[in-house]
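Structure file model.json (JSON, C-alpha atoms) follows.
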```json
[["chain", "number", "residue", "atom", "x", "y", "z"],
["U", 212, "MET", "CA", -67.06, 28.99, -66.14],
["U", 213, "SER", "CA", -65.69, 26.82, -68.88],
["U", 214, "GLY", "CA", -68.14, 24.11, -69.91],
["U", 215, "VAL", "CA", -69.79, 22.22, -72.75],
["U", 216, "ASP", "CA", -72.82, 22.95, -74.91],
["U", 217, "GLN", "CA", -75.53, 20.69, -73.60],
["U", 218, "SER", "CA", -77.90, 21.82, -76.36],
["U", 219, "SER", "CA", -75.89, 20.17, -79.13],
["U", 220, "GLY", "CA", -77.26, 16.70, -78.37],
["U", 221, "GLU", "CA", -73.78, 15.29, -77.79],
["U", 222, "SER", "CA", -72.61, 13.92, -74.47],
["U", 223, "PRO", "CA", -69.96, 15.97, -72.61],
["U", 224, "ALA", "CA", -67.41, 13.20, -73.18],
["U", 225, "SER", "CA", -67.80, 13.50, -76.95],
["U", 226, "GLN", "CA", -67.06, 17.23, -76.95],
["U", 227, "TYR", "CA", -63.70, 17.43, -75.15],
["U", 228, "SER", "CA", -60.63, 18.44, -77.16],
["U", 229, "ALA", "CA", -62.69, 18.59, -80.32],
["U", 230, "THR", "CA", -59.98, 19.99, -82.57],
["U", 231, "PRO", "CA", -56.63, 18.42, -81.67],
["U", 232, "PRO", "CA", -53.75, 18.86, -84.12],
["U", 233, "LEU", "CA", -53.08, 15.88, -86.37],
["U", 234, "ARG", "CA", -49.50, 15.30, -85.20],
["U", 235, "ARG", "CA", -47.43, 15.74, -82.08],
["U", 236, "SER", "CA", -46.06, 19.24, -81.65],
["U", 237, "SER", "CA", -42.83, 20.23, -79.94],
["U", 238, "THR", "CA", -44.61, 20.98, -76.64],
["U", 239, "PRO", "CA", -42.04, 19.75, -74.06],
["U", 240, "LEU", "CA", -44.53, 18.03, -71.79],
["U", 241, "THR", "CA", -44.93, 14.46, -70.51],
["U", 242, "ILE", "CA", -48.45, 13.33, -69.65],
["U", 243, "ILE", "CA", -48.59, 10.45, -67.16],
["U", 244, "ILE", "CA", -51.64, 8.20, -66.74],
["U", 245, "PRO", "CA", -51.97, 5.49, -64.05],
["U", 246, "THR", "CA", -54.16, 2.56, -65.07],
["U", 247, "LEU", "CA", -55.67, -0.66, -63.82],
["U", 248, "ASP", "CA", -58.15, -2.42, -66.11],
["U", 249, "GLU", "CA", -59.14, 0.68, -68.09],
["U", 250, "ALA", "CA", -59.49, -0.97, -71.50],
["U", 251, "GLY", "CA", -62.93, 0.54, -72.01],
["U", 252, "GLN", "CA", -61.69, 4.12, -72.01],
["U", 253, "ILE", "CA", -57.89, 4.30, -72.25],
["U", 254, "GLU", "CA", -57.81, 4.83, -76.03],
["U", 255, "ASP", "CA", -60.32, 7.68, -75.79],
["U", 256, "CYS", "CA", -58.07, 9.26, -73.18],
["U", 257, "ILE", "CA", -54.79, 8.89, -75.09],
["U", 258, "ARG", "CA", -55.65, 9.53, -78.74],
["U", 259, "PRO", "CA", -56.53, 13.26, -78.36],
["U", 260, "LEU", "CA", -53.16, 13.86, -76.63],
["U", 261, "VAL", "CA", -51.22, 13.94, -79.91],
["U", 262, "TRP", "CA", -50.13, 17.50, -79.09],
["U", 263, "ALA", "CA", -48.02, 16.30, -76.14],
["U", 264, "ASP", "CA", -44.39, 15.34, -76.67],
["U", 265, "GLU", "CA", -44.73, 12.18, -74.54],
["U", 266, "VAL", "CA", -47.53, 10.12, -73.02],
["U", 267, "ILE", "CA", -46.64, 7.48, -70.42],
["U", 268, "VAL", "CA", -49.13, 4.94, -69.10],
["U", 269, "ALA", "CA", -48.05, 3.44, -65.76],
["U", 270, "ASP", "CA", -50.05, 0.24, -65.40],
["U", 271, "GLY", "CA", -50.70, -1.56, -62.14],
["U", 272, "GLY", "CA", -51.27, -5.05, -63.56],
["U", 273, "SER", "CA", -54.22, -4.84, -65.95],
["U", 274, "ARG", "CA", -55.63, -8.06, -67.37],
["U", 275, "ASP", "CA", -58.31, -6.66, -69.67],
["U", 276, "GLY", "CA", -56.23, -5.45, -72.61],
["U", 277, "THR", "CA", -55.46, -1.99, -71.25],
["U", 278, "ILE", "CA", -51.74, -2.33, -71.97],
["U", 279, "GLU", "CA", -52.21, -3.38, -75.57],
["U", 280, "ARG", "CA", -54.78, -0.67, -76.26],
["U", 281, "ALA", "CA", -52.63, 2.01, -74.65],
["U", 282, "ARG", "CA", -49.68, 1.09, -76.84],
["U", 283, "ALA", "CA", -51.90, 1.00, -79.93],
["U", 284, "ALA", "CA", -53.08, 4.52, -79.10],
["U", 285, "GLY", "CA", -49.49, 5.77, -79.06],
["U", 286, "ALA", "CA", -48.49, 5.74, -75.39],
["U", 287, "ARG", "CA", -45.35, 4.37, -73.83],
["U", 288, "VAL", "CA", -46.43, 1.76, -71.27],
["U", 289, "LEU", "CA", -44.66, 0.88, -68.03],
["U", 290, "GLU", "CA", -45.97, -2.49, -66.82],
["U", 291, "ASN", "CA", -46.38, -3.41, -63.13],
["U", 292, "ALA", "CA", -45.54, 0.18, -62.19],
["U", 293, "GLY", "CA", -46.86, -0.10, -58.64],
["U", 294, "PRO", "CA", -49.82, -1.20, -56.50],
["U", 295, "THR", "CA", -51.13, 2.33, -55.83],
["U", 296, "ILE", "CA", -51.96, 5.32, -58.01],
["U", 297, "ALA", "CA", -49.29, 7.35, -56.22],
["U", 298, "GLY", "CA", -46.69, 4.66, -56.85],
["U", 299, "GLN", "CA", -47.65, 4.36, -60.52],
["U", 300, "ARG", "CA", -47.40, 8.11, -60.99],
["U", 301, "ASN", "CA", -44.02, 8.26, -59.27],
["U", 302, "THR", "CA", -42.70, 5.50, -61.52],
["U", 303, "ALA", "CA", -43.88, 7.40, -64.59],
["U", 304, "ILE", "CA", -42.39, 10.69, -63.34],
["U", 305, "ALA", "CA", -39.00, 9.03, -62.90],
["U", 306, "ALA", "CA", -39.17, 7.72, -66.48],
["U", 307, "ALA", "CA", -40.33, 10.99, -68.06],
["U", 308, "GLY", "CA", -38.20, 12.55, -70.76],
["U", 309, "ASN", "CA", -39.39, 16.13, -70.20],
["U", 310, "ARG", "CA", -38.92, 18.58, -67.34],
["U", 311, "TRP", "CA", -42.65, 19.33, -67.09],
["U", 312, "ILE", "CA", -45.22, 16.67, -66.12],
["U", 313, "PHE", "CA", -48.99, 16.73, -66.38],
["U", 314, "ALA", "CA", -50.83, 14.04, -64.39],
["U", 315, "LEU", "CA", -54.03, 12.75, -65.96],
["U", 316, "ASP", "CA", -56.39, 9.87, -65.14],
["U", 317, "ALA", "CA", -58.00, 7.52, -67.64],
["U", 318, "ASP", "CA", -61.44, 8.96, -66.88],
["U", 319, "GLU", "CA", -60.31, 12.56, -67.48],
["U", 320, "ARG", "CA", -60.11, 14.61, -70.68],
["U", 321, "VAL", "CA", -58.05, 17.72, -71.46],
["U", 322, "THR", "CA", -60.14, 20.58, -72.87],
["U", 323, "ASP", "CA", -58.96, 22.63, -75.86],
["U", 324, "HIS", "CA", -58.45, 25.68, -73.64],
["U", 325, "LEU", "CA", -56.24, 23.76, -71.25],
["U", 326, "ARG", "CA", -54.30, 22.13, -74.09],
["U", 327, "ASP", "CA", -53.38, 25.54, -75.52],
["U", 328, "GLU", "CA", -52.64, 26.98, -72.08],
["U", 329, "LEU", "CA", -50.28, 24.14, -71.14],
["U", 330, "ALA", "CA", -48.20, 24.77, -74.26],
["U", 331, "LYS", "CA", -47.73, 28.41, -73.22],
["U", 332, "VAL", "CA", -47.12, 27.76, -69.53],
["U", 333, "VAL", "CA", -44.34, 25.19, -69.95],
["U", 334, "GLU", "CA", -42.52, 27.55, -72.32],
["U", 335, "ALA", "CA", -42.58, 30.45, -69.83],
["U", 336, "PRO", "CA", -43.53, 29.16, -66.33],
["U", 337, "THR", "CA", -44.01, 31.50, -63.38],
["U", 338, "HIS", "CA", -44.54, 28.76, -60.76],
["U", 339, "SER", "CA", -43.05, 25.33, -60.10],
["U", 340, "VAL", "CA", -46.47, 23.65, -59.82],
["U", 341, "TYR", "CA", -49.95, 24.51, -61.07],
["U", 342, "ARG", "CA", -53.46, 23.59, -59.99],
["U", 343, "VAL", "CA", -56.32, 22.94, -62.41],
["U", 344, "ARG", "CA", -60.07, 22.80, -61.84],
["U", 345, "ARG", "CA", -61.89, 19.59, -62.70],
["U", 346, "GLN", "CA", -65.36, 19.72, -64.22],
["U", 347, "ASN", "CA", -67.05, 16.61, -62.85],
["U", 348, "PHE", "CA", -69.85, 14.99, -64.84],
["U", 349, "HIS", "CA", -72.26, 12.29, -63.70],
["U", 350, "LEU", "CA", -75.59, 10.97, -64.96],
["U", 351, "GLY", "CA", -75.43, 13.30, -67.97],
["U", 352, "ARG", "CA", -74.81, 16.60, -66.21],
["U", 353, "GLU", "CA", -72.06, 18.62, -64.58],
["U", 354, "LEU", "CA", -71.82, 18.59, -60.79],
["U", 355, "THR", "CA", -71.58, 22.29, -59.95],
["U", 356, "ARG", "CA", -72.30, 22.15, -56.21],
["U", 357, "GLY", "CA", -71.03, 20.20, -53.24],
["U", 358, "HIS", "CA", -67.37, 19.22, -53.05],
["U", 359, "TRP", "CA", -67.49, 18.22, -56.72],
["U", 360, "GLY", "CA", -68.27, 21.79, -57.75],
["U", 361, "GLN", "CA", -65.00, 23.32, -56.54],
["U", 362, "ASP", "CA", -62.58, 20.52, -57.30],
["U", 363, "TRP", "CA", -59.05, 21.89, -57.72],
["U", 364, "VAL", "CA", -56.15, 19.44, -58.10],
["U", 365, "THR", "CA", -52.41, 19.91, -58.53],
["U", 366, "ARG", "CA", -51.51, 18.33, -61.85],
["U", 367, "LEU", "CA", -48.78, 20.34, -63.61],
["U", 368, "PHE", "CA", -45.35, 20.23, -62.01],
["U", 369, "THR", "CA", -41.65, 19.68, -62.63],
["U", 370, "ARG", "CA", -40.04, 16.25, -62.77],
["U", 371, "ASP", "CA", -38.34, 16.61, -59.36],
["U", 372, "ARG", "CA", -41.72, 16.37, -57.56],
["U", 373, "ARG", "CA", -43.23, 13.15, -56.21],
["U", 374, "TYR", "CA", -46.59, 11.94, -54.91],
["U", 375, "ILE", "CA", -47.03, 10.98, -51.26],
["U", 376, "GLU", "CA", -47.78, 7.25, -51.05],
["U", 377, "ARG", "CA", -51.40, 6.58, -50.05],
["U", 378, "ARG", "CA", -53.93, 4.03, -51.26],
["U", 379, "VAL", "CA", -56.57, 6.69, -51.94],
["U", 380, "HIS", "CA", -56.71, 10.48, -52.34],
["U", 381, "GLU", "CA", -53.04, 10.57, -53.25],
["U", 382, "HIS", "CA", -51.54, 14.04, -53.63],
["U", 383, "LEU", "CA", -48.34, 15.71, -54.67],
["U", 384, "GLU", "CA", -45.89, 16.67, -51.94],
["U", 385, "PRO", "CA", -46.89, 20.10, -50.55],
["U", 386, "VAL", "CA", -45.65, 23.14, -52.46],
["U", 387, "GLU", "CA", -46.20, 26.75, -51.45],
["U", 388, "ASP", "CA", -47.76, 29.28, -53.83],
["U", 389, "PRO", "CA", -48.98, 27.05, -56.69],
["U", 390, "GLY", "CA", -50.14, 28.70, -59.90],
["U", 391, "LEU", "CA", -53.71, 28.39, -61.15],
["U", 392, "LEU", "CA", -54.60, 27.33, -64.68],
["U", 393, "GLU", "CA", -57.62, 28.82, -66.44],
["U", 394, "GLY", "CA", -58.41, 25.76, -68.57],
["U", 395, "THR", "CA", -60.17, 22.75, -67.10],
["U", 396, "VAL", "CA", -60.01, 18.97, -67.05],
["U", 397, "GLN", "CA", -63.30, 17.19, -67.69],
["U", 398, "HIS", "CA", -63.82, 14.24, -65.35],
["U", 399, "PHE", "CA", -66.24, 11.35, -65.92],
["U", 400, "PRO", "CA", -65.74, 9.21, -62.79],
["U", 401, "TYR", "CA", -68.77, 6.91, -63.08],
["U", 402, "ARG", "CA", -70.48, 5.20, -65.99],
["U", 403, "ASP", "CA", -73.69, 4.74, -64.00],
["U", 404, "LEU", "CA", -74.88, 4.22, -60.43],
["U", 405, "GLU", "CA", -73.81, 0.58, -60.34],
["U", 406, "HIS", "CA", -70.29, 1.54, -61.37],
["U", 407, "GLN", "CA", -70.32, 4.34, -58.79],
["U", 408, "LEU", "CA", -71.30, 2.01, -55.95],
["U", 409, "GLY", "CA", -68.50, -0.38, -56.85],
["U", 410, "LYS", "CA", -65.91, 2.40, -56.87],
["U", 411, "MET", "CA", -67.26, 3.84, -53.63],
["U", 412, "SER", "CA", -66.80, 0.49, -51.88],
["U", 413, "ARG", "CA", -63.29, 0.01, -53.25],
["U", 414, "TYR", "CA", -62.12, 3.50, -52.35],
["U", 415, "ALA", "CA", -63.74, 3.28, -48.91],
["U", 416, "LYS", "CA", -61.77, 0.09, -48.22],
["U", 417, "TRP", "CA", -58.53, 1.74, -49.30],
["U", 418, "GLY", "CA", -59.26, 4.79, -47.17],
["U", 419, "ALA", "CA", -60.04, 2.62, -44.17],
["U", 420, "GLN", "CA", -56.77, 0.73, -44.61],
["U", 421, "ASP", "CA", -54.82, 4.01, -44.74],
["U", 422, "LEU", "CA", -56.49, 5.13, -41.50],
["U", 423, "PHE", "CA", -55.89, 1.76, -39.85],
["U", 424, "ASP", "CA", -52.21, 1.76, -40.81],
["U", 425, "ALA", "CA", -51.92, 5.25, -39.29],
["U", 426, "GLY", "CA", -53.28, 3.96, -35.98],
["U", 427, "ARG", "CA", -56.83, 5.30, -36.30],
["U", 428, "ARG", "CA", -59.79, 3.37, -34.93],
["U", 429, "ALA", "CA", -63.47, 3.88, -35.69],
["U", 430, "SER", "CA", -65.45, 5.40, -32.84],
["U", 431, "ALA", "CA", -69.23, 5.49, -32.59],
["U", 432, "TRP", "CA", -68.95, 9.19, -33.46],
["U", 433, "ASP", "CA", -67.07, 8.37, -36.66],
["U", 434, "ILE", "CA", -69.63, 5.80, -37.76],
["U", 435, "ALA", "CA", -72.75, 7.80, -36.87],
["U", 436, "ALA", "CA", -71.86, 11.48, -37.12],
["U", 437, "ARG", "CA", -69.30, 11.75, -39.92],
["U", 438, "PRO", "CA", -71.61, 10.41, -42.65],
["U", 439, "LEU", "CA", -74.39, 12.75, -41.50],
["U", 440, "ALA", "CA", -71.99, 15.69, -41.39],
["U", 441, "ARG", "CA", -70.75, 14.97, -44.90],
["U", 442, "PHE", "CA", -74.31, 14.77, -46.22],
["U", 443, "LEU", "CA", -75.36, 18.04, -44.54],
["U", 444, "ARG", "CA", -72.23, 19.86, -45.70],
["U", 445, "ALA", "CA", -72.84, 18.95, -49.33],
["U", 446, "TYR", "CA", -76.63, 19.22, -49.32],
["U", 447, "VAL", "CA", -77.10, 22.35, -47.21],
["U", 448, "LEU", "CA", -73.87, 24.29, -46.80],
["U", 449, "GLN", "CA", -72.55, 23.69, -50.33],
["U", 450, "GLY", "CA", -75.93, 24.15, -51.98],
["U", 451, "ALA", "CA", -76.69, 20.73, -53.48],
["U", 452, "ILE", "CA", -80.25, 21.19, -52.20],
["U", 453, "LEU", "CA", -80.75, 23.57, -55.14],
["U", 454, "ASP", "CA", -80.21, 20.67, -57.57],
["U", 455, "GLY", "CA", -83.41, 18.90, -56.54],
["U", 456, "ARG", "CA", -83.43, 15.10, -56.51],
["U", 457, "PHE", "CA", -80.07, 15.03, -58.28],
["U", 458, "GLY", "CA", -78.48, 16.98, -55.43],
["U", 459, "LEU", "CA", -80.20, 14.82, -52.84],
["U", 460, "VAL", "CA", -78.95, 11.58, -54.40],
["U", 461, "THR", "CA", -75.36, 12.77, -54.83],
["U", 462, "SER", "CA", -75.23, 14.14, -51.27],
["U", 463, "LEU", "CA", -76.64, 10.95, -49.78],
["U", 464, "LEU", "CA", -74.12, 8.89, -51.73],
["U", 465, "GLY", "CA", -71.34, 11.09, -50.34],
["U", 466, "GLY", "CA", -72.54, 10.40, -46.82],
["U", 467, "TYR", "CA", -72.78, 6.69, -47.61],
["U", 468, "THR", "CA", -69.15, 6.70, -48.73],
["U", 469, "ALA", "CA", -68.12, 8.09, -45.35],
["U", 470, "LEU", "CA", -70.20, 5.43, -43.60],
["U", 471, "LEU", "CA", -68.54, 2.69, -45.62],
["U", 472, "LYS", "CA", -65.05, 3.95, -44.83],
["U", 473, "TYR", "CA", -65.54, 3.95, -41.07],
["U", 474, "ALA", "CA", -67.48, 0.69, -41.15],
["U", 475, "PHE", "CA", -64.55, -0.92, -42.98],
["U", 476, "LEU", "CA", -62.20, 0.63, -40.43],
["U", 477, "TRP", "CA", -64.25, -0.95, -37.63],
["U", 478, "GLU", "CA", -64.11, -4.28, -39.48],
["U", 479, "LEU", "CA", -60.29, -4.12, -39.67],
["U", 480, "GLU", "CA", -60.12, -3.48, -35.94],
["U", 481, "HIS", "CA", -62.50, -6.40, -35.27],
["U", 482, "GLU", "CA", -60.44, -8.73, -37.46],
["U", 483, "LYS", "CA", -57.28, -7.74, -35.61],
["U", 484, "ARG", "CA", -58.87, -8.55, -32.25],
["U", 485, "GLU", "CA", -60.08, -11.91, -33.58],
["U", 486, "ARG", "CA", -56.57, -12.81, -34.71]]
```
Written as structure tokens, how would this file's structure read?
Amino acid sequence: MSGVDQSSGESPASQYSATPPLRRSSTPLTIIIPTLDEAGQIEDCIRPLVWADEVIVADGGSRDGTIERARAAGARVLENAGPTIAGQRNTAIAAAGNRWIFALDADERVTDHLRDELAKVVEAPTHSVYRVRRQNFHLGRELTRGHWGQDWVTRLFTRDRRYIERRVHEHLEPVEDPGLLEGTVQHFPYRDLEHQLGKMSRYAKWGAQDLFDAGRRASAWDIAARPLARFLRAYVLQGAILDGRFGLVTSLLGGYTALLKYAFLWELEHEKRER
């Protein structure tokens, strides 16, 4: 498994893409990054991407200086690109100047191995889309079990592809027989537990709204059983129990996210009845 050297004393985030070239190469690849108030990390995301031919930031209305910092780091910025991550990505895809697209988030970093692999793949592709494994880090360590441990996402594809519009858990339109990349993306989704709880609440609300718009309603089973099932799946079936208290905390938080989503779904139904 590709990873980082925890014995060096450096944080995982400081070790990604440690030896990028000093100038942009001729790699015919556009990297697209959706943003909303990511001033604290957008420069760290963009600056190591000097090897890519084009970097496009599709911003959803940031007010914290994200746009200015992204431009200063060398990215092309599309302002007010859309209210959802899927919409922002689709706007960036349509504006891309290269045939091949790589989708990245502001809290993700491209490893050296993946950087070199992407240059080779886009020159001689064998598939129209490729999936990449994300290494997820939280509280100073890599999450190797639970759903975080086997986190494969479709991120490399041709410009004719689009994302399906959803508020949360957006994904590329289905494609049969995707290729698999050997390199990894390093993902740092949460600064700390407080930041994690805020994101959990926000994403749970978005997920509830998607379900509500699709006609779903929250049953007692959804509210009581789904959170428990998610906890047990991660903690027992996917082996988080082997990670001690760390595995217990992360599994409980996963179950809490499910509880929040269906509680918010119930709230939307209640508000509709009140109206």
Surrounding residues of Glu334 in chain U excluding itself and chain neighbours under 2 positions, 10 Å, only C-alpha atoms, as an NGL selection string: :U and (238-240 or 311 or 329-332 or 336-337)
Given the selection you just returned, output its residues as a file containing C-alpha atoms, formatted as an mmCIF file, in the coordinates of the input.
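To be explicit, this is the file written out as selection_9.cif:
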```cif
data_model
loop_
_atom_site.group_PDB
_atom_site.id
_atom_site.type_symbol
_atom_site.label_atom_id
_atom_site.label_comp_id
_atom_site.auth_asym_id
_atom_site.auth_seq_id
_atom_site.Cartn_x
_atom_site.Cartn_y
_atom_site.Cartn_z
ATOM 1 C CA THR U 238 -44.610 20.980 -76.640
ATOM 2 C CA PRO U 239 -42.040 19.750 -74.060
ATOM 3 C CA LEU U 240 -44.530 18.030 -71.790
ATOM 4 C CA TRP U 311 -42.650 19.330 -67.090
ATOM 5 C CA LEU U 329 -50.280 24.140 -71.140
ATOM 6 C CA ALA U 330 -48.200 24.770 -74.260
ATOM 7 C CA LYS U 331 -47.730 28.410 -73.220
ATOM 8 C CA VAL U 332 -47.120 27.760 -69.530
ATOM 9 C CA PRO U 336 -43.530 29.160 -66.330
ATOM 10 C CA THR U 337 -44.010 31.500 -63.380
#
```
Quote the spacing between CA of Tyr341 in chain U and CA of Leu391 in chain U in Å to one decimal place.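 Rounded to one decimal, the two atoms are 5.4 Å apart.
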Check which residues of range 345-409 of chain U sit at most 10 Å from range 299-309 of chain U using all atoms listed in the file, and return one row each with the closest pair of atoms and their distance in Å to one decimal, ordered by chain and rising number, as JSON lines.
```
{"residue": "U:Thr369", "atom": "CA", "partner": "U:Asn309", "partner_atom": "CA", "distance": 8.7}
{"residue": "U:Arg370", "atom": "CA", "partner": "U:Ile304", "partner_atom": "CA", "distance": 6.1}
{"residue": "U:Asp371", "atom": "CA", "partner": "U:Ile304", "partner_atom": "CA", "distance": 8.2}
{"residue": "U:Arg372", "atom": "CA", "partner": "U:Ile304", "partner_atom": "CA", "distance": 8.1}
{"residue": "U:Arg373", "atom": "CA", "partner": "U:Asn301", "partner_atom": "CA", "distance": 5.8}
{"residue": "U:Tyr374", "atom": "CA", "partner": "U:Asn301", "partner_atom": "CA", "distance": 6.3}
{"residue": "U:Ile375", "atom": "CA", "partner": "U:Asn301", "partner_atom": "CA", "distance": 9.0}
{"residue": "U:Glu376", "atom": "CA", "partner": "U:Asn301", "partner_atom": "CA", "distance": 9.1}
{"residue": "U:Glu381", "atom": "CA", "partner": "U:Arg300", "partner_atom": "CA", "distance": 9.9}
{"residue": "U:Leu383", "atom": "CA", "partner": "U:Asn301", "partner_atom": "CA", "distance": 9.8}
```
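Distances here use only C-alpha atoms; by that measure, the residue among U:His406, U:Arg427, U:Arg280, U:Arg366 closest to Cys256 in chain U is U:Arg280.
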Give as a list in words every residue, naming chains and numbers as the document does, that has an atom within 12 Å of (-71.8, -1.4, -51.9), counting all atoms listed in the file.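 Nearby residues: Leu404, Glu405, His406, Gln407, Leu408, Gly409, Lys410, Met411, Ser412, Arg413, Tyr414, Ala415, Lys416, Leu464, Tyr467, Thr468, Leu470, Leu471, Lys472, Ala474 and Phe475 of chain U.
Proximity of U:Ile312, U:Leu392, U:Leu289, U:Ala431 to Arg345 in chain U, computed with only C-alpha atoms, is greatest for U:Leu392.
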U:Trp417, U:Trp432, U:Tyr446, U:Phe423: which is nearest Gly357 in chain U, counting all atoms listed in the file? U:Tyr446
State, in Å with one decimal place, the distance from CA of Glu353 in chain U to CA of Gly390 in chain U. 24.6 Å
Within 12 Å of (-73.0, 21.5, -61.1) (file coordinates; all atoms listed in the file), which protein or nucleic acid residues are there? I'd like them as number ranges by chain. U: 212-214, 345-362, 449-455, 457-458, 461
Coordinates-based distance that separates CA of Asp421 in chain U from CA of Ile243 in chain U (Å, one decimal):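 These atoms are spaced 24.1 Å apart.
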Pick the closest to His382 in chain U from U:Asp327, U:Phe399, U:Arg456, U:Ile296: which is it, counting only C-alpha atoms? U:Ile296
